Structures are given as structure tokens and as C-alpha cells.
Amino acid sequence: MDNIKQLDQSYVAHTYARFPVTLTGGQGALLTGDDGKQYIDMGSGIGVNAFGACDAQWLEAVTHQAAALQHTSNLYYTEPCAKLAAMLCQRTGMQEVFFSNSGAETNECAIKVARKYGAEQLGPEHFTVLTLKNSFHGRTLATLAATGQEVFHKDFLPLTPGFVYGESGDLEGIRKILDKVPCCAVLLEMIQGEGGVLVQDKAFVQGLAQLASEHKLLLMVDEVQTGNGRTGKLFSYMHYGIQPDVVTTAKGLGGGLPLGAVLLGGKAAGVLTPGSHGSTFGGNPVCCAGAISILERLDDTLLAEVTAKGEWIRAQLEGAPGVRSVSGLGLMLGIETERDPGQVLADCQALGVLPLRAKNKLRLLPPLNIPNDLLEQAVTIIKEVCAK
Ligand SMILES: *Cc1c(COP(=O)(O)O)cnc(C)c1O
């Protein structure tokens, strides 16, 4: 209905360049537009609907909890919150979890943990967090400052102080910064998602972990996009043979409901004390019940399927006409196209496939359980459109 687009354009703040599609429903990896047209979902929101639209098990979990109790303040115990925290810790070796509602909020919490740790363990001048250029950590004022991309900074100066930026791959440069600036933590994505689906080099990540350890800094990994099975491991740091002190995650965790989690272990365990942080909605029982139903199914079989599907997509697209390169891991892939990616995306939409963009690439984040026949149809169309 044009009416919906007009209403939206009149009354919703113009922060999003929306596509000309109104979505009304969906089932699994298929989405329906208001004109009845069906689309194959190659974005899962932005890596949020981990098991696609209205997944039956997830729906059962959230409706059951919504009918029992939709919210309590964090002054009381609830089962979904406690159970989810235990599951996350048992599967990661982390020791405790703080729940929030979004990716940016999880990184805000991580930055607060880092500052408190620095002040208590290293000295009051150790408040700076080292992040990487081309990173993305969120849009609140502190996470904007953590984000190493000037395009996000402009118009919002002055930035929150206490951040320095290193270059991915440049351990020597980072060593020099750390020798000069008293820091409390390093924060990085294993795959820079918004930055263009760029996978960090293993030797660099291990070297950075070593540098952090030498300087007694917290090693903090932003798994907002890469977490919860997306890359073929439960968390992407598990590909790298490192054990972070802090892991932040959100997007796919709630299966479509707003939920973020900050996993604390190693040097970060015990830093948060009563009154030092909080959230009214954080750990909402409906969101946590949904997350439990997601996490329960992220077993070795499912993760192996994610890996296999990712490898299959890569084999189809690497070297295909009009495709310059394919990057990423598991079902988080970036496709560099010869044609303008905006045009490629529009052509895909017209043919009933909904991918995403990241910088100069098409980005694919399909539901983790996308059926093979739909995946084949979608990739056939993407290939066709790239070759045009
Ligand atoms: C999406 C994203 C965020 C921000 O998450 P919001 O839920 O939008 O606040 C932070 N870090 C990374 C790596 C992300 O992909």
C-alpha cells in the first residue's frame, strides 16, 4: 500500500534509506510483501532472525513466556534469564553475563567494564580502549567513538574521549600506541561486518591477544553480528584459538527480539558490582526464552551445516562472471561485484531475493537453517544478476 510508505515518510525520522518494499509476513526463509510477492530472505533482518521468520520452536517459546509473565524488574529472579546466562557460560568458559537490549548497549557495558577494570587494577590514567580502524561498534556516543570510521563521527563532535585506533594487521603500530598511551582494553570484531565483511588474520589476532596480555589489558571481542552460530562456530573468536575476557553479542541471540549479552570471564569477571550497571528491560524473560530456544539448537550438527552452506555459496560465486571476490566465514559473506552493488541489490529485489549491503559489497546473512532449495534459487538469481 502506498499509504504505508507515505505515512512512514511523513512521520518516521529519516534515518533509514528504506527499500521500496513493505513486508507483512514470513515463514522461515520466505518473506511476503504487501503486494503478495514472495522473497527469499538472504539477510535475516540484519543477522537477527537466526532461524528465519516465525520459526515454530522460537514462537512457542516466546508465546509461552509472554502468556506467563512478560516482564519483571531486575530486582527479581526469572527462570529464562538465569537459564540463558548459564547456557552461555557453559558453552564459552566465560563466568558471568550482563543482559541488555541491543548491540550498542552491550559495547557500552564492555567499555564501562574496561574503564572500571583499568581504574581498579592499572591506575586512574588507564581509561583508554584501543579499537581498530574500519570497525563498527554502534551508534551511541561512546560506541560511536569506539567505531574507527570517520563517516560515523562527523556531525557528532566532540567524541567521547578515551579511544585510540590501530590498523588491522599492524601489530608493530599497535605495540607503539600501547607503549605510549595508558590503555585498559582492546576491542575488536573477528570479522568487520559493516566494514565490508573483512575477516581478521589469525596471526594478527593471536599477536594482539598476546600484546593485550603483556599490557594486562582486557581482550574484548564484539560478536554482535558474528555470534550465535553465524560463522559456523558458536562465537567467531573460537576460530582463532584465543580466550577473550569480554564477549559482546546481540543481533541473532534473541532470534528476532531485542536482546544483548555481555559475557565476562578471565580478568573481567567480578568487575561489575551491585549498582555499577543496570538496564530496565535487559534480560527480559520473553526475549531470554526466545534466545534459549535458539541456543539449544546451535549444536555441532547445525554449526556444521552453516559451515557447509557457506562453503557451497562461496564455491558457486567465487570466479563467477561479474564477481570480483568473496569474503567471510560460514553464513556471513561479502560479495564484491563488478557492477555497482546498489544496482545489483535492486535487481535481486526485483527478482525476489533480499540480500544486504556492506560498503562496496553485497552482504549475505541468510537464516542459519535456510533450506537448500531456497538457497540454490537465491544463489542462482544472485549469480544471474552479477553477470548482467
Ligand atoms: C550491529 C552491530 C552493532 C550495533 O548493534 P545495535 O543493536 O544496532 O545497537 C555493534 N557492533 C557490531 C559488530 C554490529 O554488527
# chains A, B, ... in the order shown; residues from 1 in each chain; ligands from 1

$ residues_near_ligand --ligand "ligand 1" --cutoff "8 Å" --atoms "only C-alpha atoms and all ligand atoms" --output "list of chain:residue names"
A:Ile46, A:Asn101, A:Ser102, A:Gly103, A:Ala104, A:Glu105, A:Thr106, A:Asn107, A:Ser135, A:Phe136, A:His137, A:Gly138, A:Arg139, A:Thr140, A:Thr143, A:Glu189, A:Gln192, A:Gly193, A:Glu194, A:Asp222, A:Glu223, A:Val224, A:Gln225, A:Thr226, A:Ala250, A:Lys251, A:Pro258, A:Gly260

$ select_by_dssp --residues "range 198-380 of chain A" --states "strand (DSSP E)" --output "number ranges by chain"
A: 198-199, 218-222, 246-249, 260-264, 323-329, 332-337, 353-354, 356-358, 361-364

$ write_last_selection --atoms "C-alpha atoms" --output "JSON list (two decimals), in the first residue's frame"
[["chain", "number", "residue", "atom", "x", "y", "z"],
["A", 198, "LEU", "CA", 36.60, -8.43, 6.34],
["A", 199, "VAL", "CA", 37.99, -11.44, 8.19],
["A", 218, "LEU", "CA", 41.13, -6.75, 28.75],
["A", 219, "LEU", "CA", 40.71, -8.58, 25.44],
["A", 220, "MET", "CA", 37.17, -7.72, 24.31],
["A", 221, "VAL", "CA", 35.52, -9.20, 21.21],
["A", 222, "ASP", "CA", 32.47, -7.60, 19.57],
["A", 246, "VAL", "CA", 34.75, -9.94, 27.39],
["A", 247, "VAL", "CA", 32.45, -11.05, 24.55],
["A", 248, "THR", "CA", 29.54, -8.85, 23.48],
["A", 249, "THR", "CA", 26.69, -10.21, 21.38],
["A", 260, "GLY", "CA", 22.10, -8.27, 24.06],
["A", 261, "ALA", "CA", 24.54, -10.16, 26.28],
["A", 262, "VAL", "CA", 27.95, -9.23, 27.67],
["A", 263, "LEU", "CA", 29.91, -12.35, 28.62],
["A", 264, "LEU", "CA", 32.54, -11.72, 31.27],
["A", 323, "VAL", "CA", 32.04, -11.42, -9.13],
["A", 324, "ARG", "CA", 35.41, -9.95, -8.08],
["A", 325, "SER", "CA", 35.82, -11.65, -4.71],
["A", 326, "VAL", "CA", 34.00, -13.44, -1.90],
["A", 327, "SER", "CA", 34.92, -12.84, 1.76],
["A", 328, "GLY", "CA", 33.60, -14.02, 5.12],
["A", 329, "LEU", "CA", 33.03, -17.18, 7.12],
["A", 332, "MET", "CA", 28.33, -14.24, 6.86],
["A", 333, "LEU", "CA", 29.59, -13.48, 3.38],
["A", 334, "GLY", "CA", 30.61, -10.41, 1.39],
["A", 335, "ILE", "CA", 30.49, -10.39, -2.41],
["A", 336, "GLU", "CA", 32.45, -7.80, -4.31],
["A", 337, "THR", "CA", 30.71, -7.25, -7.63],
["A", 353, "VAL", "CA", 15.83, -12.13, -3.37],
["A", 354, "LEU", "CA", 16.70, -9.83, -0.45],
["A", 356, "LEU", "CA", 22.13, -6.77, 2.29],
["A", 357, "ARG", "CA", 25.00, -4.38, 1.60],
["A", 358, "ALA", "CA", 28.24, -3.67, 3.42],
["A", 361, "LYS", "CA", 29.84, -5.37, -1.31],
["A", 362, "LEU", "CA", 26.68, -7.39, -1.27],
["A", 363, "ARG", "CA", 26.38, -8.98, 2.18],
["A", 364, "LEU", "CA", 24.65, -12.31, 2.78]]

$ closest_residue --among "A:Leu59, A:Ala85, A:Val113, A:Val48" --to "Leu272 in chain A" --atoms "only C-alpha atoms"
A:Val113

$ residues_around --residues "Glu120 in chain A" --least-positions-apart "4" --cutoff "12 Å" --atoms "only C-alpha atoms" --output "ChimeraX atom specification"
/A:113-116,124-127,184,267-268,270-272

$ residues_around --residues "Val306 in chain A" --least-positions-apart "2" --cutoff "6 Å" --atoms "only C-alpha atoms" --output "list in words"
Gly232, Leu303, Ala304, Ala308, Lys309 and Gly330 of chain A

$ write_last_selection --atoms "N, CA and C atoms" --output "mmCIF file, in the first residue's frame"
data_model
loop_
_atom_site.group_PDB
_atom_site.id
_atom_site.type_symbol
_atom_site.label_atom_id
_atom_site.label_comp_id
_atom_site.auth_asym_id
_atom_site.auth_seq_id
_atom_site.Cartn_x
_atom_site.Cartn_y
_atom_site.Cartn_z
ATOM 1 N N GLY A 232 29.635 -20.412 11.774
ATOM 2 C CA GLY A 232 29.921 -21.848 11.792
ATOM 3 C C GLY A 232 30.519 -22.329 13.114
ATOM 4 N N LEU A 303 25.862 -26.257 13.355
ATOM 5 C CA LEU A 303 27.036 -25.435 13.033
ATOM 6 C C LEU A 303 27.773 -25.991 11.815
ATOM 7 N N ALA A 304 27.827 -27.330 11.696
ATOM 8 C CA ALA A 304 28.467 -27.939 10.522
ATOM 9 C C ALA A 304 27.674 -27.617 9.256
ATOM 10 N N ALA A 308 28.975 -25.742 5.932
ATOM 11 C CA ALA A 308 28.842 -26.374 4.611
ATOM 12 C C ALA A 308 28.080 -25.464 3.646
ATOM 13 N N LYS A 309 27.012 -24.831 4.122
ATOM 14 C CA LYS A 309 26.244 -23.931 3.248
ATOM 15 C C LYS A 309 27.093 -22.739 2.827
ATOM 16 N N GLY A 330 31.366 -18.971 7.208
ATOM 17 C CA GLY A 330 30.044 -19.517 7.482
ATOM 18 C C GLY A 330 28.986 -18.789 6.666
#

$ closest_residue --among "A:Ala346, A:Leu365, A:Val21, A:Val62" --to "Gly254 in chain A" --atoms "only C-alpha atoms"
A:Val62

$ residues_around --residues "Ile294 in chain A" --least-positions-apart "4" --cutoff "8 Å" --atoms "only C-alpha atoms" --output "PyMOL selection string"
chain A and resi 50-51+58+253-255+290+298

$ write_last_selection --atoms "N, CA and C atoms" --output "PDB file, in the first residue's frame"
ATOM      1  N   ALA A  50      17.622 -15.514  13.437  1.00  0.00           N
ATOM      2  CA  ALA A  50      18.592 -16.599  13.261  1.00  0.00           C
ATOM      3  C   ALA A  50      17.980 -17.815  12.570  1.00  0.00           C
ATOM      4  N   PHE A  51      16.740 -18.154  12.940  1.00  0.00           N
ATOM      5  CA  PHE A  51      16.062 -19.297  12.318  1.00  0.00           C
ATOM      6  C   PHE A  51      14.908 -18.838  11.427  1.00  0.00           C
ATOM      7  N   TRP A  58      10.771 -21.278  18.229  1.00  0.00           N
ATOM      8  CA  TRP A  58      11.010 -19.961  18.831  1.00  0.00           C
ATOM      9  C   TRP A  58       9.673 -19.312  19.218  1.00  0.00           C
ATOM     10  N   LEU A 253      21.011 -13.354  18.752  1.00  0.00           N
ATOM     11  CA  LEU A 253      20.794 -14.035  20.034  1.00  0.00           C
ATOM     12  C   LEU A 253      19.313 -14.210  20.360  1.00  0.00           C
ATOM     13  N   GLY A 254      18.527 -13.163  20.192  1.00  0.00           N
ATOM     14  CA  GLY A 254      17.105 -13.224  20.565  1.00  0.00           C
ATOM     15  C   GLY A 254      16.219 -13.801  19.475  1.00  0.00           C
ATOM     16  N   GLY A 255      16.801 -14.175  18.352  1.00  0.00           N
ATOM     17  CA  GLY A 255      16.018 -14.762  17.261  1.00  0.00           C
ATOM     18  C   GLY A 255      15.000 -13.796  16.667  1.00  0.00           C
ATOM     19  N   GLY A 290      13.104 -16.846  24.127  1.00  0.00           N
ATOM     20  CA  GLY A 290      13.366 -16.997  22.695  1.00  0.00           C
ATOM     21  C   GLY A 290      14.821 -17.383  22.463  1.00  0.00           C
ATOM     22  N   LEU A 298      21.725 -24.620  18.411  1.00  0.00           N
ATOM     23  CA  LEU A 298      23.026 -24.339  17.803  1.00  0.00           C
ATOM     24  C   LEU A 298      24.034 -25.404  18.242  1.00  0.00           C
TER      25      LEU A 298
END

$ select_by_dssp --residues "range 89-316 of chain A" --states "helix (DSSP H, G or I)" --output "ChimeraX atom specification"
/A:89-92,103-122,141-146,150-153,171-180,202-214,236-239,251-254,266-268,285-295,300-316

$ atom_distance --atom1 "CA of Gly310 in chain A" --atom2 "CA of Leu331 in chain A"
5.0 Å

$ residues_around --residues "range 32-44 of chain A" --least-positions-apart "6" --cutoff "9 Å" --atoms "only C-alpha atoms" --output "ChimeraX atom specification"
/A:1,21-26,50-53,252,256,349,351-356,363-368,370,374-375,377-378

$ write_last_selection --atoms "N, CA and C atoms" --output "CSV table (one decimal), in the first residue's frame"
chain,number,residue,atom,x,y,z
A,1,MET,N,0.8,-1.2,0.0
A,1,MET,CA,0.0,0.0,0.0
A,1,MET,C,0.9,1.2,0.0
A,21,VAL,N,9.9,-1.6,-0.5
A,21,VAL,CA,9.2,-2.9,-0.2
A,21,VAL,C,8.6,-2.8,1.2
A,22,THR,N,7.3,-3.2,1.3
A,22,THR,CA,6.7,-3.2,2.6
A,22,THR,C,6.5,-4.7,2.9
A,23,LEU,N,7.1,-5.2,4.0
A,23,LEU,CA,7.0,-6.6,4.4
A,23,LEU,C,5.8,-6.8,5.4
A,24,THR,N,5.0,-7.8,5.1
A,24,THR,CA,3.9,-8.1,6.0
A,24,THR,C,3.9,-9.4,6.8
A,25,GLY,N,4.7,-10.3,6.3
A,25,GLY,CA,4.8,-11.6,7.0
A,25,GLY,C,5.9,-12.5,6.5
A,26,GLY,N,6.0,-13.7,7.0
A,26,GLY,CA,7.0,-14.6,6.5
A,26,GLY,C,7.0,-15.9,7.2
A,50,ALA,N,17.6,-15.5,13.4
A,50,ALA,CA,18.6,-16.6,13.3
A,50,ALA,C,18.0,-17.8,12.6
A,51,PHE,N,16.7,-18.2,12.9
A,51,PHE,CA,16.1,-19.3,12.3
A,51,PHE,C,14.9,-18.8,11.4
A,52,GLY,N,15.1,-17.7,10.9
A,52,GLY,CA,14.1,-17.2,9.9
A,52,GLY,C,12.8,-16.6,10.6
A,53,ALA,N,11.8,-16.3,9.8
A,53,ALA,CA,10.6,-15.7,10.2
A,53,ALA,C,9.7,-16.7,10.9
A,252,GLY,N,21.6,-11.9,16.5
A,252,GLY,CA,21.0,-13.2,16.3
A,252,GLY,C,20.5,-13.9,17.6
A,256,GLY,N,15.1,-12.5,16.9
A,256,GLY,CA,14.2,-11.5,16.4
A,256,GLY,C,13.7,-10.5,17.4
A,349,GLN,N,16.3,-7.7,-5.6
A,349,GLN,CA,15.0,-7.5,-5.1
A,349,GLN,C,13.9,-7.7,-6.1
A,351,LEU,N,13.8,-9.5,-8.5
A,351,LEU,CA,13.7,-10.9,-8.8
A,351,LEU,C,13.4,-11.8,-7.6
A,352,GLY,N,13.0,-11.1,-6.5
A,352,GLY,CA,12.6,-11.8,-5.3
A,352,GLY,C,13.6,-12.4,-4.4
A,353,VAL,N,14.8,-11.7,-4.3
A,353,VAL,CA,15.8,-12.1,-3.4
A,353,VAL,C,16.3,-10.9,-2.6
A,354,LEU,N,16.4,-11.0,-1.3
A,354,LEU,CA,16.7,-9.8,-0.4
A,354,LEU,C,18.1,-10.0,0.3
A,355,PRO,N,19.2,-9.6,-0.4
A,355,PRO,CA,20.5,-9.6,0.3
A,355,PRO,C,20.6,-8.2,1.0
A,356,LEU,N,21.8,-8.0,1.6
A,356,LEU,CA,22.1,-6.8,2.3
A,356,LEU,C,23.4,-6.2,1.6
A,363,ARG,N,26.1,-8.2,1.0
A,363,ARG,CA,26.4,-9.0,2.2
A,363,ARG,C,25.3,-10.0,2.3
A,364,LEU,N,25.6,-11.2,2.6
A,364,LEU,CA,24.6,-12.3,2.8
A,364,LEU,C,24.7,-12.8,4.2
A,365,LEU,N,23.5,-12.7,4.9
A,365,LEU,CA,23.4,-13.3,6.2
A,365,LEU,C,22.0,-14.0,6.3
A,366,PRO,N,21.9,-15.1,5.5
A,366,PRO,CA,20.6,-15.8,5.5
A,366,PRO,C,20.3,-16.5,6.8
A,367,PRO,N,19.0,-16.9,7.0
A,367,PRO,CA,18.7,-17.7,8.2
A,367,PRO,C,19.7,-18.9,8.3
A,368,LEU,N,20.1,-19.2,9.5
A,368,LEU,CA,21.1,-20.3,9.7
A,368,LEU,C,20.5,-21.7,9.2
A,370,ILE,N,18.4,-22.0,6.5
A,370,ILE,CA,17.7,-21.8,5.2
A,370,ILE,C,17.8,-23.2,4.5
A,374,LEU,N,15.8,-23.3,-1.4
A,374,LEU,CA,15.7,-21.8,-1.4
A,374,LEU,C,17.1,-21.2,-1.6
A,375,LEU,N,18.1,-21.8,-0.9
A,375,LEU,CA,19.4,-21.2,-1.0
A,375,LEU,C,19.9,-21.3,-2.5
A,377,GLN,N,18.0,-21.5,-5.2
A,377,GLN,CA,17.3,-20.5,-6.0
A,377,GLN,C,17.9,-19.1,-5.8
A,378,ALA,N,18.2,-18.7,-4.6
A,378,ALA,CA,18.7,-17.4,-4.3
A,378,ALA,C,20.0,-17.2,-5.0

$ residues_around --residues "Thr280 in chain A" --least-positions-apart "6" --cutoff "12 Å" --atoms "only C-alpha atoms" --output "ChimeraX atom specification"
/A:71-76,99-101

$ write_last_selection --atoms "C-alpha atoms" --output "short mmCIF file (atom, residue, chain, number, x, y, z; two decimals), in the first residue's frame"
data_model
loop_
_atom_site.label_atom_id
_atom_site.label_comp_id
_atom_site.auth_asym_id
_atom_site.auth_seq_id
_atom_site.Cartn_x
_atom_site.Cartn_y
_atom_site.Cartn_z
CA HIS A 71 8.42 -8.57 32.33
CA THR A 72 9.65 -8.09 35.85
CA SER A 73 12.15 -5.54 37.08
CA ASN A 74 15.69 -6.79 37.52
CA LEU A 75 15.06 -6.71 41.28
CA TYR A 76 13.56 -10.21 40.93
CA PHE A 99 21.97 -8.69 29.66
CA SER A 100 20.96 -5.59 27.69
CA ASN A 101 18.74 -4.88 24.68
#

$ closest_atom_pairs --of "range 43-132 of chain A" --to "range 149-171 of chain A" --cutoff "7 Å" --atoms "only C-alpha atoms" --output "tab-separated table"
residue	atom	partner	partner_atom	distance
A:Phe127	CA	A:Gly162	CA	6.1
A:Thr128	CA	A:Gly162	CA	4.2
A:Val129	CA	A:Phe163	CA	5.0
A:Leu130	CA	A:Val164	CA	4.9
A:Thr131	CA	A:Tyr165	CA	5.0
A:Leu132	CA	A:Gly166	CA	4.8

$ atom_distance --atom1 "CA of Leu217 in chain A" --atom2 "CA of Ala82 in chain A"
28.8 Å
